[in-house]
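Engineer: The file below is model_9.cif, mmCIF, C-alpha atoms:
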```
data_structure
#
loop_
_atom_site.label_atom_id
_atom_site.label_comp_id
_atom_site.auth_asym_id
_atom_site.auth_seq_id
_atom_site.Cartn_x
_atom_site.Cartn_y
_atom_site.Cartn_z
CA MET X 139 83.89 1.71 -32.08
CA PHE X 140 84.63 -1.76 -30.85
CA ARG X 141 81.34 -2.86 -29.32
CA ILE X 142 78.15 -2.24 -31.21
CA PRO X 143 74.74 -3.32 -29.87
CA LYS X 144 73.06 -5.89 -32.10
CA HIS X 145 69.53 -4.87 -31.27
CA ILE X 146 68.37 -1.41 -30.23
CA GLY X 147 64.93 -0.60 -28.83
CA VAL X 148 63.63 2.89 -29.59
CA ILE X 149 61.04 4.64 -27.40
CA PRO X 150 60.19 7.82 -29.32
CA ASP X 151 58.48 9.72 -26.51
CA GLY X 152 57.59 13.39 -26.35
CA ASN X 153 55.56 14.04 -29.53
CA ARG X 154 52.63 15.56 -27.66
CA ARG X 155 54.82 17.71 -25.42
CA TRP X 156 56.65 18.92 -28.53
CA ALA X 157 53.37 19.80 -30.25
CA LYS X 158 52.15 21.75 -27.22
CA LYS X 159 55.47 23.59 -26.96
CA HIS X 160 55.16 24.67 -30.60
CA GLY X 161 51.54 25.79 -30.31
CA PHE X 162 50.04 22.83 -32.16
CA ASN X 163 47.31 20.46 -31.04
CA LYS X 164 48.70 17.44 -29.22
CA GLU X 165 47.73 15.05 -32.02
CA ASP X 166 49.71 17.07 -34.53
CA GLY X 167 53.01 16.06 -32.94
CA TYR X 168 53.21 12.53 -34.26
CA SER X 169 53.84 13.36 -37.92
CA TYR X 170 56.94 15.31 -36.84
CA GLY X 171 58.35 12.04 -35.54
CA LEU X 172 58.48 10.35 -38.97
CA GLU X 173 61.58 11.95 -40.40
CA PRO X 174 63.57 11.37 -37.15
CA GLY X 175 62.67 7.68 -37.32
CA LEU X 176 64.11 7.36 -40.80
CA GLN X 177 67.19 9.37 -39.91
CA LEU X 178 67.85 7.07 -36.95
CA LEU X 179 67.43 4.01 -39.17
CA HIS X 180 70.00 5.36 -41.61
CA ILE X 181 72.63 6.07 -39.01
CA ALA X 182 71.96 2.69 -37.34
CA GLN X 183 72.55 1.01 -40.72
CA LYS X 184 75.76 2.96 -41.09
CA TYR X 185 77.02 1.62 -37.74
CA GLY X 186 76.05 -1.95 -38.60
CA ILE X 187 73.19 -2.34 -36.10
CA GLN X 188 71.39 -5.55 -37.11
CA GLU X 189 68.00 -4.91 -35.58
CA LEU X 190 65.81 -2.02 -34.45
CA THR X 191 62.50 -2.18 -32.60
CA TYR X 192 60.36 0.97 -32.54
CA TYR X 193 57.72 1.42 -29.85
CA GLY X 194 54.76 2.41 -32.02
CA PHE X 195 51.71 2.43 -29.77
CA THR X 196 50.15 0.25 -27.10
CA VAL X 197 46.75 -1.17 -26.25
CA ASP X 198 46.70 1.30 -23.34
CA ASN X 199 47.51 4.28 -25.61
CA CYS X 200 44.25 3.54 -27.47
CA LYS X 201 42.28 4.78 -24.46
CA ARG X 202 43.38 8.33 -25.34
CA PRO X 203 41.12 10.80 -27.19
CA LYS X 204 40.12 9.51 -30.65
CA LYS X 205 41.93 12.30 -32.49
CA GLN X 206 45.22 11.24 -30.91
CA VAL X 207 44.58 7.54 -31.57
CA MET X 208 43.92 8.27 -35.25
CA ALA X 209 47.00 10.46 -35.49
CA PHE X 210 49.46 8.00 -33.95
CA SER X 211 48.00 5.08 -35.92
CA GLN X 212 48.45 7.02 -39.15
CA ALA X 213 51.99 8.00 -38.20
CA CYS X 214 52.83 4.32 -37.64
CA ILE X 215 51.35 3.34 -41.02
CA ASP X 216 53.34 6.12 -42.69
CA ALA X 217 56.52 5.11 -40.86
CA ILE X 218 56.23 1.55 -42.09
CA LYS X 219 55.59 2.78 -45.64
CA MET X 220 58.81 4.78 -45.41
CA VAL X 221 60.80 1.81 -44.12
CA GLN X 222 59.44 -0.30 -47.00
CA GLN X 223 61.63 1.82 -49.27
CA GLU X 224 64.69 0.80 -47.28
CA ASN X 225 66.83 -2.32 -47.29
CA ALA X 226 65.05 -3.88 -44.32
CA THR X 227 62.86 -6.78 -43.20
CA ILE X 228 59.78 -5.35 -41.47
CA ARG X 229 57.86 -7.09 -38.72
CA VAL X 230 54.91 -5.81 -36.70
CA ILE X 231 54.18 -7.20 -33.24
CA GLY X 232 50.91 -6.49 -31.48
CA ASN X 233 47.34 -7.49 -30.79
CA THR X 234 45.66 -7.81 -34.19
CA GLN X 235 42.37 -8.90 -32.59
CA SER X 236 41.20 -5.44 -31.56
CA ALA X 237 39.69 -2.63 -33.62
CA CYS X 238 42.71 -0.47 -32.79
CA PHE X 239 45.03 -2.53 -34.97
CA PRO X 240 45.39 -0.85 -38.41
CA GLU X 241 44.19 -3.19 -41.17
CA GLU X 242 46.93 -1.99 -43.51
CA LEU X 243 49.53 -3.51 -41.23
CA LEU X 244 48.04 -7.01 -40.98
CA PRO X 245 50.40 -8.43 -43.64
CA TYR X 246 53.38 -7.64 -41.39
CA ALA X 247 51.87 -8.81 -38.14
CA ASN X 248 53.29 -11.46 -35.84
CA MET X 249 55.19 -13.22 -38.62
CA GLU X 250 57.79 -15.80 -37.81
CA LEU X 251 61.23 -14.34 -38.19
CA GLN X 252 62.44 -14.87 -41.70
CA PRO X 253 66.19 -15.26 -41.69
CA ALA X 254 67.57 -12.23 -43.48
CA SER X 255 68.88 -13.31 -46.88
CA SER X 256 71.95 -11.14 -46.44
CA LYS X 257 73.57 -9.63 -43.40
CA ASP X 258 73.18 -6.27 -45.10
CA ILE X 259 69.46 -6.45 -44.53
CA MET X 260 68.38 -4.97 -41.23
CA ASN X 261 65.47 -6.27 -39.18
CA VAL X 262 63.11 -3.45 -38.30
CA ASN X 263 60.29 -4.22 -35.89
CA PHE X 264 57.36 -2.06 -34.89
CA LEU X 265 55.27 -2.64 -31.77
CA ILE X 266 51.76 -1.77 -32.92
CA ASN X 267 48.79 -2.08 -30.56
CA TYR X 268 51.26 -3.92 -28.33
CA GLY X 269 50.63 -4.69 -24.70
CA TRP X 270 52.90 -6.42 -22.20
CA GLU X 271 49.85 -8.19 -20.76
CA TRP X 272 48.78 -9.32 -24.22
CA ASP X 273 52.36 -10.50 -24.79
CA MET X 274 52.50 -12.51 -21.55
CA LYS X 275 48.97 -13.91 -21.78
CA ASN X 276 49.67 -15.21 -25.27
CA ASN X 277 52.52 -17.42 -24.19
CA TRP X 278 55.13 -14.67 -24.80
CA ALA X 279 53.74 -13.65 -28.19
CA SER X 280 56.85 -11.59 -29.02
CA ARG X 281 59.24 -14.48 -28.42
CA ASN X 282 60.62 -14.31 -31.96
CA ILE X 283 62.00 -10.86 -31.24
CA PRO X 284 65.51 -11.35 -29.85
CA ARG X 285 67.09 -9.87 -26.74
CA VAL X 286 67.44 -6.06 -26.76
CA ASP X 287 70.95 -4.79 -25.94
CA LEU X 288 70.25 -1.09 -25.65
CA VAL X 289 67.03 0.86 -25.14
CA LEU X 290 67.02 4.50 -26.24
CA ARG X 291 64.26 6.64 -24.86
CA TRP X 292 63.59 10.22 -25.85
CA GLY X 293 61.66 12.74 -23.76
CA GLY X 294 63.50 12.38 -20.47
CA MET X 295 61.57 9.64 -18.64
CA CYS X 296 63.61 6.77 -17.23
CA ARG X 297 61.16 3.89 -17.57
CA LEU X 298 60.19 1.13 -19.98
CA SER X 299 56.41 1.76 -20.07
CA GLY X 300 55.77 -1.88 -20.88
CA PHE X 301 58.31 -2.14 -23.73
CA LEU X 302 59.14 -5.85 -24.26
CA PRO X 303 59.68 -6.76 -20.59
CA ILE X 304 61.33 -10.11 -21.29
CA GLN X 305 63.67 -8.99 -24.08
CA THR X 306 64.88 -6.05 -21.99
CA VAL X 307 65.82 -7.92 -18.78
CA TYR X 308 69.55 -7.33 -19.44
CA ALA X 309 69.30 -4.24 -21.65
CA ASP X 310 71.08 -0.99 -20.88
CA PHE X 311 68.80 2.06 -20.86
CA TYR X 312 69.96 5.40 -22.23
CA ILE X 313 67.72 8.40 -21.73
CA ILE X 314 67.76 11.42 -24.03
CA LYS X 315 66.16 14.49 -22.48
CA GLU X 316 65.18 16.04 -25.83
CA LEU X 317 61.71 15.30 -27.19
CA TRP X 318 61.54 12.82 -30.07
CA PRO X 319 60.74 15.33 -32.87
CA ASP X 320 63.96 17.13 -31.84
CA TYR X 321 65.99 14.01 -32.72
CA GLU X 322 69.56 14.58 -33.87
CA ASP X 323 72.13 12.01 -34.96
CA THR X 324 74.54 13.14 -32.25
CA GLN X 325 72.05 11.86 -29.65
CA PHE X 326 72.32 8.43 -31.24
CA THR X 327 76.12 8.48 -31.53
CA ASP X 328 76.45 9.73 -27.93
CA ALA X 329 74.37 6.72 -26.87
CA LEU X 330 76.67 4.37 -28.77
CA GLN X 331 79.69 5.98 -27.12
CA TRP X 332 78.07 5.54 -23.71
CA TYR X 333 77.26 1.91 -24.52
CA GLN X 334 80.98 1.22 -25.07
CA MET X 335 81.61 1.94 -21.41
CA GLN X 336 78.94 -0.42 -20.09
CA ASP X 337 80.12 -3.71 -18.72
CA ILE X 338 77.91 -6.45 -20.17
CA THR X 339 77.40 -9.31 -17.73
CA LEU X 340 74.00 -10.69 -18.80
CA GLY X 341 73.15 -11.17 -15.15
CA GLY X 342 76.32 -13.17 -14.36
CA MET K 266 56.33 15.56 -0.08
CA PHE K 267 53.01 14.96 -1.77
CA ARG K 268 53.61 11.80 -3.78
CA ILE K 269 55.39 8.88 -2.17
CA PRO K 270 56.04 5.59 -4.00
CA LYS K 271 54.24 2.68 -2.38
CA HIS K 272 56.78 0.06 -3.39
CA ILE K 273 60.48 0.62 -3.98
CA GLY K 274 62.83 -1.90 -5.59
CA VAL K 275 66.45 -1.73 -4.41
CA ILE K 276 69.36 -2.97 -6.54
CA PRO K 277 72.39 -2.71 -4.23
CA ASP K 278 75.10 -3.00 -6.88
CA GLY K 279 78.80 -2.25 -6.54
CA ASN K 280 79.93 -4.31 -3.53
CA ARG K 281 82.76 -6.01 -5.44
CA ARG K 282 83.96 -2.79 -7.06
CA TRP K 283 83.93 -1.15 -3.62
CA ALA K 284 85.99 -3.99 -2.13
CA LYS K 285 88.55 -3.78 -4.93
CA LYS K 286 88.78 -0.02 -4.57
CA HIS K 287 89.53 -0.42 -0.85
CA GLY K 288 92.13 -3.13 -1.35
CA PHE K 289 89.95 -6.03 -0.13
CA ASN K 290 89.12 -9.26 -1.89
CA LYS K 291 86.00 -8.98 -4.02
CA GLU K 292 84.00 -11.29 -1.74
CA ASP K 293 84.70 -9.08 1.26
CA GLY K 294 82.52 -6.30 -0.12
CA TYR K 295 79.14 -7.81 0.64
CA SER K 296 79.26 -7.49 4.41
CA TYR K 297 79.77 -3.73 3.99
CA GLY K 298 76.34 -3.62 2.35
CA LEU K 299 74.44 -4.75 5.45
CA GLU K 300 74.39 -1.53 7.44
CA PRO K 301 73.33 0.52 4.37
CA GLY K 302 70.38 -1.84 3.83
CA LEU K 303 69.12 -1.25 7.36
CA GLN K 304 69.69 2.50 7.11
CA LEU K 305 67.63 2.61 3.90
CA LEU K 306 64.86 0.61 5.55
CA HIS K 307 64.69 3.07 8.43
CA ILE K 308 64.44 6.14 6.25
CA ALA K 309 61.89 4.41 4.01
CA GLN K 310 59.77 3.70 7.13
CA LYS K 311 60.09 7.33 8.13
CA TYR K 312 58.69 8.42 4.76
CA GLY K 313 55.83 5.94 4.91
CA ILE K 314 56.98 3.62 2.12
CA GLN K 315 54.78 0.51 2.42
CA GLU K 316 56.97 -2.02 0.67
CA LEU K 317 60.63 -2.60 -0.18
CA THR K 318 62.09 -5.34 -2.37
CA TYR K 319 65.85 -5.93 -2.15
CA TYR K 320 67.67 -7.67 -4.97
CA GLY K 321 69.63 -10.26 -3.00
CA PHE K 322 71.18 -12.63 -5.52
CA THR K 323 70.17 -14.49 -8.65
CA VAL K 324 70.46 -17.99 -10.05
CA ASP K 325 73.00 -16.54 -12.52
CA ASN K 326 75.08 -14.94 -9.75
CA CYS K 327 75.65 -18.45 -8.37
CA LYS K 328 77.92 -19.22 -11.33
CA ARG K 329 80.52 -16.90 -9.79
CA PRO K 330 83.55 -18.21 -7.82
CA LYS K 331 82.48 -20.20 -4.75
CA LYS K 332 84.01 -17.70 -2.29
CA GLN K 333 81.79 -14.96 -3.69
CA VAL K 334 78.69 -17.16 -3.68
CA MET K 335 79.25 -18.05 -0.03
CA ALA K 336 79.86 -14.42 0.88
CA PHE K 337 76.75 -12.98 -0.76
CA SER K 338 74.57 -15.84 0.57
CA GLN K 339 75.79 -15.15 4.08
CA ALA K 340 75.23 -11.41 3.66
CA CYS K 341 71.63 -12.10 2.63
CA ILE K 342 71.05 -14.38 5.62
CA ASP K 343 72.51 -11.71 7.91
CA ALA K 344 70.41 -8.98 6.28
CA ILE K 345 67.24 -10.92 6.89
CA LYS K 346 68.24 -11.55 10.52
CA MET K 347 68.66 -7.80 10.91
CA VAL K 348 65.27 -7.03 9.40
CA GLN K 349 63.66 -9.60 11.75
CA GLN K 350 64.40 -7.13 14.55
CA GLU K 351 62.36 -4.48 12.73
CA ASN K 352 58.63 -3.88 12.47
CA ALA K 353 58.30 -5.64 9.13
CA THR K 354 56.76 -8.62 7.35
CA ILE K 355 59.55 -10.50 5.56
CA ARG K 356 59.09 -12.50 2.39
CA VAL K 357 61.72 -14.28 0.32
CA ILE K 358 61.14 -14.96 -3.39
CA GLY K 359 63.38 -17.31 -5.34
CA ASN K 360 64.09 -20.81 -6.53
CA THR K 361 64.20 -23.00 -3.42
CA GLN K 362 64.80 -26.13 -5.51
CA SER K 363 68.52 -25.59 -6.08
CA ALA K 364 71.49 -26.09 -3.78
CA CYS K 365 72.20 -22.35 -3.94
CA PHE K 366 69.13 -21.49 -1.89
CA PRO K 367 70.14 -21.04 1.79
CA GLU K 368 68.31 -23.52 4.00
CA GLU K 369 67.97 -20.95 6.79
CA LEU K 370 65.68 -18.88 4.57
CA LEU K 371 63.22 -21.63 3.61
CA PRO K 372 60.66 -20.53 6.26
CA TYR K 373 60.28 -17.18 4.46
CA ALA K 374 60.21 -18.49 0.92
CA ASN K 375 57.48 -17.96 -1.61
CA MET K 376 54.78 -17.42 1.01
CA GLU K 377 51.44 -16.04 0.07
CA LEU K 378 51.23 -12.39 1.04
CA GLN K 379 49.90 -12.09 4.54
CA PRO K 380 47.94 -8.89 4.86
CA ALA K 381 49.86 -6.72 7.29
CA SER K 382 47.95 -6.54 10.57
CA SER K 383 48.60 -2.82 10.80
CA LYS K 384 49.55 -0.28 8.20
CA ASP K 385 52.54 0.54 10.36
CA ILE K 386 54.08 -2.79 9.37
CA MET K 387 56.19 -2.59 6.26
CA ASN K 388 56.49 -5.42 3.73
CA VAL K 389 60.13 -6.23 3.09
CA ASN K 390 60.89 -8.68 0.30
CA PHE K 391 64.21 -10.25 -0.63
CA LEU K 392 64.90 -11.87 -3.99
CA ILE K 393 67.10 -14.83 -3.08
CA ASN K 394 68.33 -17.22 -5.76
CA TYR K 395 65.83 -15.42 -7.98
CA GLY K 396 65.78 -15.71 -11.75
CA TRP K 397 63.52 -14.00 -14.24
CA GLU K 398 63.37 -17.24 -16.25
CA TRP K 399 62.48 -19.23 -13.14
CA ASP K 400 59.81 -16.61 -12.38
CA MET K 401 58.28 -16.79 -15.87
CA LYS K 402 58.51 -20.57 -16.24
CA ASN K 403 56.71 -21.03 -12.94
CA ASN K 404 53.59 -19.24 -14.05
CA TRP K 405 54.86 -15.87 -12.73
CA ALA K 406 56.06 -17.23 -9.40
CA SER K 407 56.48 -13.72 -7.96
CA ARG K 408 52.91 -12.67 -8.76
CA ASN K 409 52.10 -11.93 -5.12
CA ILE K 410 54.66 -9.16 -5.14
CA PRO K 411 52.84 -5.98 -6.22
CA ARG K 412 53.79 -3.47 -8.90
CA VAL K 413 57.05 -1.59 -8.23
CA ASP K 414 56.77 2.21 -8.47
CA LEU K 415 60.41 3.18 -8.23
CA VAL K 416 63.60 1.19 -8.76
CA LEU K 417 66.75 2.52 -7.09
CA ARG K 418 70.00 1.15 -8.40
CA TRP K 419 73.41 1.88 -6.90
CA GLY K 420 76.70 1.54 -8.77
CA GLY K 421 75.91 3.57 -11.87
CA MET K 422 74.48 1.00 -14.29
CA CYS K 423 71.16 1.85 -15.92
CA ARG K 424 69.60 -1.59 -16.30
CA LEU K 425 67.31 -3.99 -14.47
CA SER K 426 69.53 -7.13 -14.66
CA GLY K 427 66.46 -9.35 -14.53
CA PHE K 428 64.84 -7.64 -11.50
CA LEU K 429 61.09 -8.52 -11.47
CA PRO K 430 60.43 -7.83 -15.18
CA ILE K 431 56.64 -7.86 -14.86
CA GLN K 432 56.35 -5.75 -11.69
CA THR K 433 58.65 -3.09 -13.17
CA VAL K 434 56.90 -2.52 -16.51
CA TYR K 435 55.74 0.95 -15.42
CA ALA K 436 58.40 1.67 -12.78
CA ASP K 437 60.62 4.73 -12.83
CA PHE K 438 64.34 3.97 -12.60
CA TYR K 439 66.68 6.16 -10.58
CA ILE K 440 70.40 5.48 -10.82
CA ILE K 441 72.86 6.41 -8.08
CA LYS K 442 76.44 6.50 -9.29
CA GLU K 443 77.91 5.72 -5.84
CA LEU K 444 78.64 2.09 -4.98
CA TRP K 445 76.21 0.43 -2.57
CA PRO K 446 78.53 0.33 0.49
CA ASP K 447 78.84 4.12 0.08
CA TYR K 448 75.08 4.51 0.67
CA GLU K 449 73.92 7.75 2.25
CA ASP K 450 70.40 8.81 3.17
CA THR K 451 70.63 11.87 0.93
CA GLN K 452 70.82 9.53 -2.07
CA PHE K 453 67.47 8.10 -1.02
CA THR K 454 65.84 11.46 -0.36
CA ASP K 455 67.18 12.87 -3.65
CA ALA K 456 65.50 9.92 -5.38
CA LEU K 457 62.19 10.69 -3.66
CA GLN K 458 62.49 14.34 -4.71
CA TRP K 459 63.13 13.26 -8.30
CA TYR K 460 60.17 10.89 -8.16
CA GLN K 461 57.87 13.84 -7.35
CA MET K 462 58.61 15.29 -10.76
CA GLN K 463 57.80 12.14 -12.73
CA ASP K 464 54.49 12.05 -14.48
CA ILE K 465 52.81 8.71 -13.73
CA THR K 466 50.74 7.44 -16.65
CA LEU K 467 50.87 3.65 -16.13
CA GLY K 468 51.16 3.25 -19.87
CA GLY K 469 48.10 5.42 -20.66
#
```
What would the structure in this file look like if it were written as structure tokens?
Structural biologist:
Amino acid sequence: MFRIPKHIGVIPDGNRRWAKKHGFNKEDGYSYGLEPGLQLLHIAQKYGIQELTYYGFTVDNCKRPKKQVMAFSQACIDAIKMVQQENATIRVIGNTQSACFPEELLPYANMELQPASSKDIMNVNFLINYGWEWDMKNNWASRNIPRVDLVLRWGGMCRLSGFLPIQTVYADFYIIKELWPDYEDTQFTDALQWYQMQDITLGG
Amino acid sequence: MFRIPKHIGVIPDGNRRWAKKHGFNKEDGYSYGLEPGLQLLHIAQKYGIQELTYYGFTVDNCKRPKKQVMAFSQACIDAIKMVQQENATIRVIGNTQSACFPEELLPYANMELQPASSKDIMNVNFLINYGWEWDMKNNWASRNIPRVDLVLRWGGMCRLSGFLPIQTVYADFYIIKELWPDYEDTQFTDALQWYQMQDITLGG
């Protein structure tokens, strides 16, 4: 492949629909999204993607039933623990001032970007208790996160749902109809193939 | 139809590709986009859409060859003249401080929203010499434009290209593969049908 996106945004939607479909409680879906997240990271590394940003959860998501809030928070904590084992620089972006922000993740939160010591080290960002309003009201709090080239969204919806509005102004969006726990590497490689055919103008 | 978007964003992309395909110079494509714009407005009125925002041209577009810049500016002026004949409140949003902003459109520019005197009057907005950076740097200059429910983009690309990043955070995007001058009403009604099936959560 000749043109590889530098920075991919990942919207892992569909965990609750997947749980329902398989006869589980809605909140049980999130843990089935962990392994897919790691698998995607590995194939992204293989293709030389420099940066990934996962949409963890938002300030608005925290208005959901408590069981769900606890379940997706825990899944995010577990995801970050998994990525700690990888060759990656982890950053967490979100509102740390509310009770919804998991204490365990404070050490990663809203850090200035450390230049990666080697180009083999991937930047992996997680939006945790993120909100586009919070981002804008805090003088573009996420401004250290670079432009997103390609947004991948699972679960069939064609929308950003508040995902980094400024970084995505020129991004291409690729929608995968399968639910996130049904992730397969071919979905990712199909997206990269599709991305080859997009004409990048950056608004010009 | 039971659920109609209140505010539709229109990205009329593909004029230059259409011109090339028909053996014209690139800059000759824009005038073929005028009639489609009016046709879309009429069908939107018929379905009770309250507000339309057309993506005219951007600050970045003005870096293109002068012939093209003159052609798309003129097409926008002509489009607004056409909409003046309709039952609509016209607003223009964009950077009036640069030479690229057409003088003729100054009377419409960056006005406060006038409440429509009757609900039969549609709000029709044009982004003219608009830039997302200009918008953000000017304390969200477009803040009087309300949330966009549905973005329709012609020409096959699945991206926003800087179109109102804040208003579109929760918008659904519907991509039409045909080029803008090949507009047909069925493309619009198909989009409305598709919109029925989208589950609106506003980030919740």
Engineer: Compute the chain K side of the contact with chain X at 9 Å, counting only C-alpha atoms, and hand it back as a VMD selection string.
Structural biologist: chain K and resid 323 to 329 397 to 398 422 to 431 433 to 439 463 to 464 466 to 469
Engineer: What's the separation between CA of Val389 (chain K) and CA of Lys291 (chain K), in Å to one decimal place?
Structural biologist: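 We find that CA of Val389 (chain K) and CA of Lys291 (chain K) lie 27.0 Å from each other.
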Engineer: What residues come out when you apply the PyMOL selection byres ((chain X and resi 216-228) around 7) to this file, written as an MDAnalysis selection string?
Structural biologist: chainID X and resid 172 212:215 229:230 246 259:263
Engineer: Identify, on the basis of only C-alpha atoms, every residue whose closest approach to region 307-309 of chain K does not exceed 12 Å; exclude the query and any residue fewer than 3 positions from it along the same chain; express the result as a CSV table (one decimal) with C-alpha atoms, in the coordinates of the input.
Structural biologist:
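So the final result, stored in out.csv, reads:
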```csv
chain,number,residue,atom,x,y,z
K,269,ILE,CA,55.4,8.9,-2.2
K,270,PRO,CA,56.0,5.6,-4.0
K,271,LYS,CA,54.2,2.7,-2.4
K,272,HIS,CA,56.8,0.1,-3.4
K,273,ILE,CA,60.5,0.6,-4.0
K,274,GLY,CA,62.8,-1.9,-5.6
K,275,VAL,CA,66.4,-1.7,-4.4
K,300,GLU,CA,74.4,-1.5,7.4
K,301,PRO,CA,73.3,0.5,4.4
K,302,GLY,CA,70.4,-1.8,3.8
K,303,LEU,CA,69.1,-1.2,7.4
K,304,GLN,CA,69.7,2.5,7.1
K,312,TYR,CA,58.7,8.4,4.8
K,313,GLY,CA,55.8,5.9,4.9
K,314,ILE,CA,57.0,3.6,2.1
K,315,GLN,CA,54.8,0.5,2.4
K,316,GLU,CA,57.0,-2.0,0.7
K,317,LEU,CA,60.6,-2.6,-0.2
K,318,THR,CA,62.1,-5.3,-2.4
K,347,MET,CA,68.7,-7.8,10.9
K,348,VAL,CA,65.3,-7.0,9.4
K,350,GLN,CA,64.4,-7.1,14.6
K,351,GLU,CA,62.4,-4.5,12.7
K,352,ASN,CA,58.6,-3.9,12.5
K,353,ALA,CA,58.3,-5.6,9.1
K,385,ASP,CA,52.5,0.5,10.4
K,386,ILE,CA,54.1,-2.8,9.4
K,387,MET,CA,56.2,-2.6,6.3
K,388,ASN,CA,56.5,-5.4,3.7
K,389,VAL,CA,60.1,-6.2,3.1
K,449,GLU,CA,73.9,7.8,2.2
K,450,ASP,CA,70.4,8.8,3.2
K,451,THR,CA,70.6,11.9,0.9
K,452,GLN,CA,70.8,9.5,-2.1
K,453,PHE,CA,67.5,8.1,-1.0
K,454,THR,CA,65.8,11.5,-0.4
K,456,ALA,CA,65.5,9.9,-5.4
K,457,LEU,CA,62.2,10.7,-3.7
```
Engineer: Applied to the shown file, which residues does the PyMOL selection byres ((chain X and resi 319) around 7) return, written as a PDB file with C-alpha atoms, in the frame of the given file?
Structural biologist:
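Saved the output as selection00.pdb:
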```pdb
ATOM      1  CA  ASN X 153      55.560  14.040 -29.530  1.00  0.00           C
ATOM      2  CA  TRP X 156      56.650  18.920 -28.530  1.00  0.00           C
ATOM      3  CA  TYR X 170      56.940  15.310 -36.840  1.00  0.00           C
ATOM      4  CA  GLY X 171      58.350  12.040 -35.540  1.00  0.00           C
ATOM      5  CA  PRO X 174      63.570  11.370 -37.150  1.00  0.00           C
ATOM      6  CA  LEU X 317      61.710  15.300 -27.190  1.00  0.00           C
ATOM      7  CA  TRP X 318      61.540  12.820 -30.070  1.00  0.00           C
ATOM      8  CA  ASP X 320      63.960  17.130 -31.840  1.00  0.00           C
ATOM      9  CA  TYR X 321      65.990  14.010 -32.720  1.00  0.00           C
TER      10      TYR X 321
END
```
Engineer: Output the residue selection produced by the PyMOL selection byres ((chain X and resi 233) around 9) on the file above, formatted as a PDB file with C-alpha atoms, in the coordinates of the input.
Structural biologist:
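File produced: part.pdb:
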```pdb
ATOM      1  CA  VAL X 197      46.750  -1.170 -26.250  1.00  0.00           C
ATOM      2  CA  ILE X 231      54.180  -7.200 -33.240  1.00  0.00           C
ATOM      3  CA  GLY X 232      50.910  -6.490 -31.480  1.00  0.00           C
ATOM      4  CA  THR X 234      45.660  -7.810 -34.190  1.00  0.00           C
ATOM      5  CA  GLN X 235      42.370  -8.900 -32.590  1.00  0.00           C
ATOM      6  CA  SER X 236      41.200  -5.440 -31.560  1.00  0.00           C
ATOM      7  CA  CYS X 238      42.710  -0.470 -32.790  1.00  0.00           C
ATOM      8  CA  PHE X 239      45.030  -2.530 -34.970  1.00  0.00           C
ATOM      9  CA  ALA X 247      51.870  -8.810 -38.140  1.00  0.00           C
ATOM     10  CA  ASN X 248      53.290 -11.460 -35.840  1.00  0.00           C
ATOM     11  CA  ILE X 266      51.760  -1.770 -32.920  1.00  0.00           C
ATOM     12  CA  ASN X 267      48.790  -2.080 -30.560  1.00  0.00           C
ATOM     13  CA  TYR X 268      51.260  -3.920 -28.330  1.00  0.00           C
ATOM     14  CA  GLY X 269      50.630  -4.690 -24.700  1.00  0.00           C
ATOM     15  CA  TRP X 272      48.780  -9.320 -24.220  1.00  0.00           C
ATOM     16  CA  ASP X 273      52.360 -10.500 -24.790  1.00  0.00           C
TER      17      ASP X 273
END
```
Engineer: Which residue gives the smallest distance to Tyr193 (chain X) among X:Leu179, X:Ala237, X:Leu290, X:Met208, with only C-alpha atoms counted?
Structural biologist: X:Leu290
Engineer: Between CA of Arg408 (chain K) and CA of Phe391 (chain K), what is the distance, to one decimal in Å?
Structural biologist: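 Computing the Euclidean distance for CA of Arg408 (chain K) and CA of Phe391 (chain K) yields 14.1 Å.
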Engineer: CA of Leu265 (chain X) and CA of Ser280 (chain X), how far apart in Å?
Structural biologist: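 The value is 9.5 Å.
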Engineer: Of the candidates K:Met376, K:Ser338, K:Phe289, K:Trp419, which one gets nearest to Lys442 (chain K) if we count all atoms listed in the file?
Structural biologist: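 The closest residue to Lys442 (chain K) is K:Trp419.
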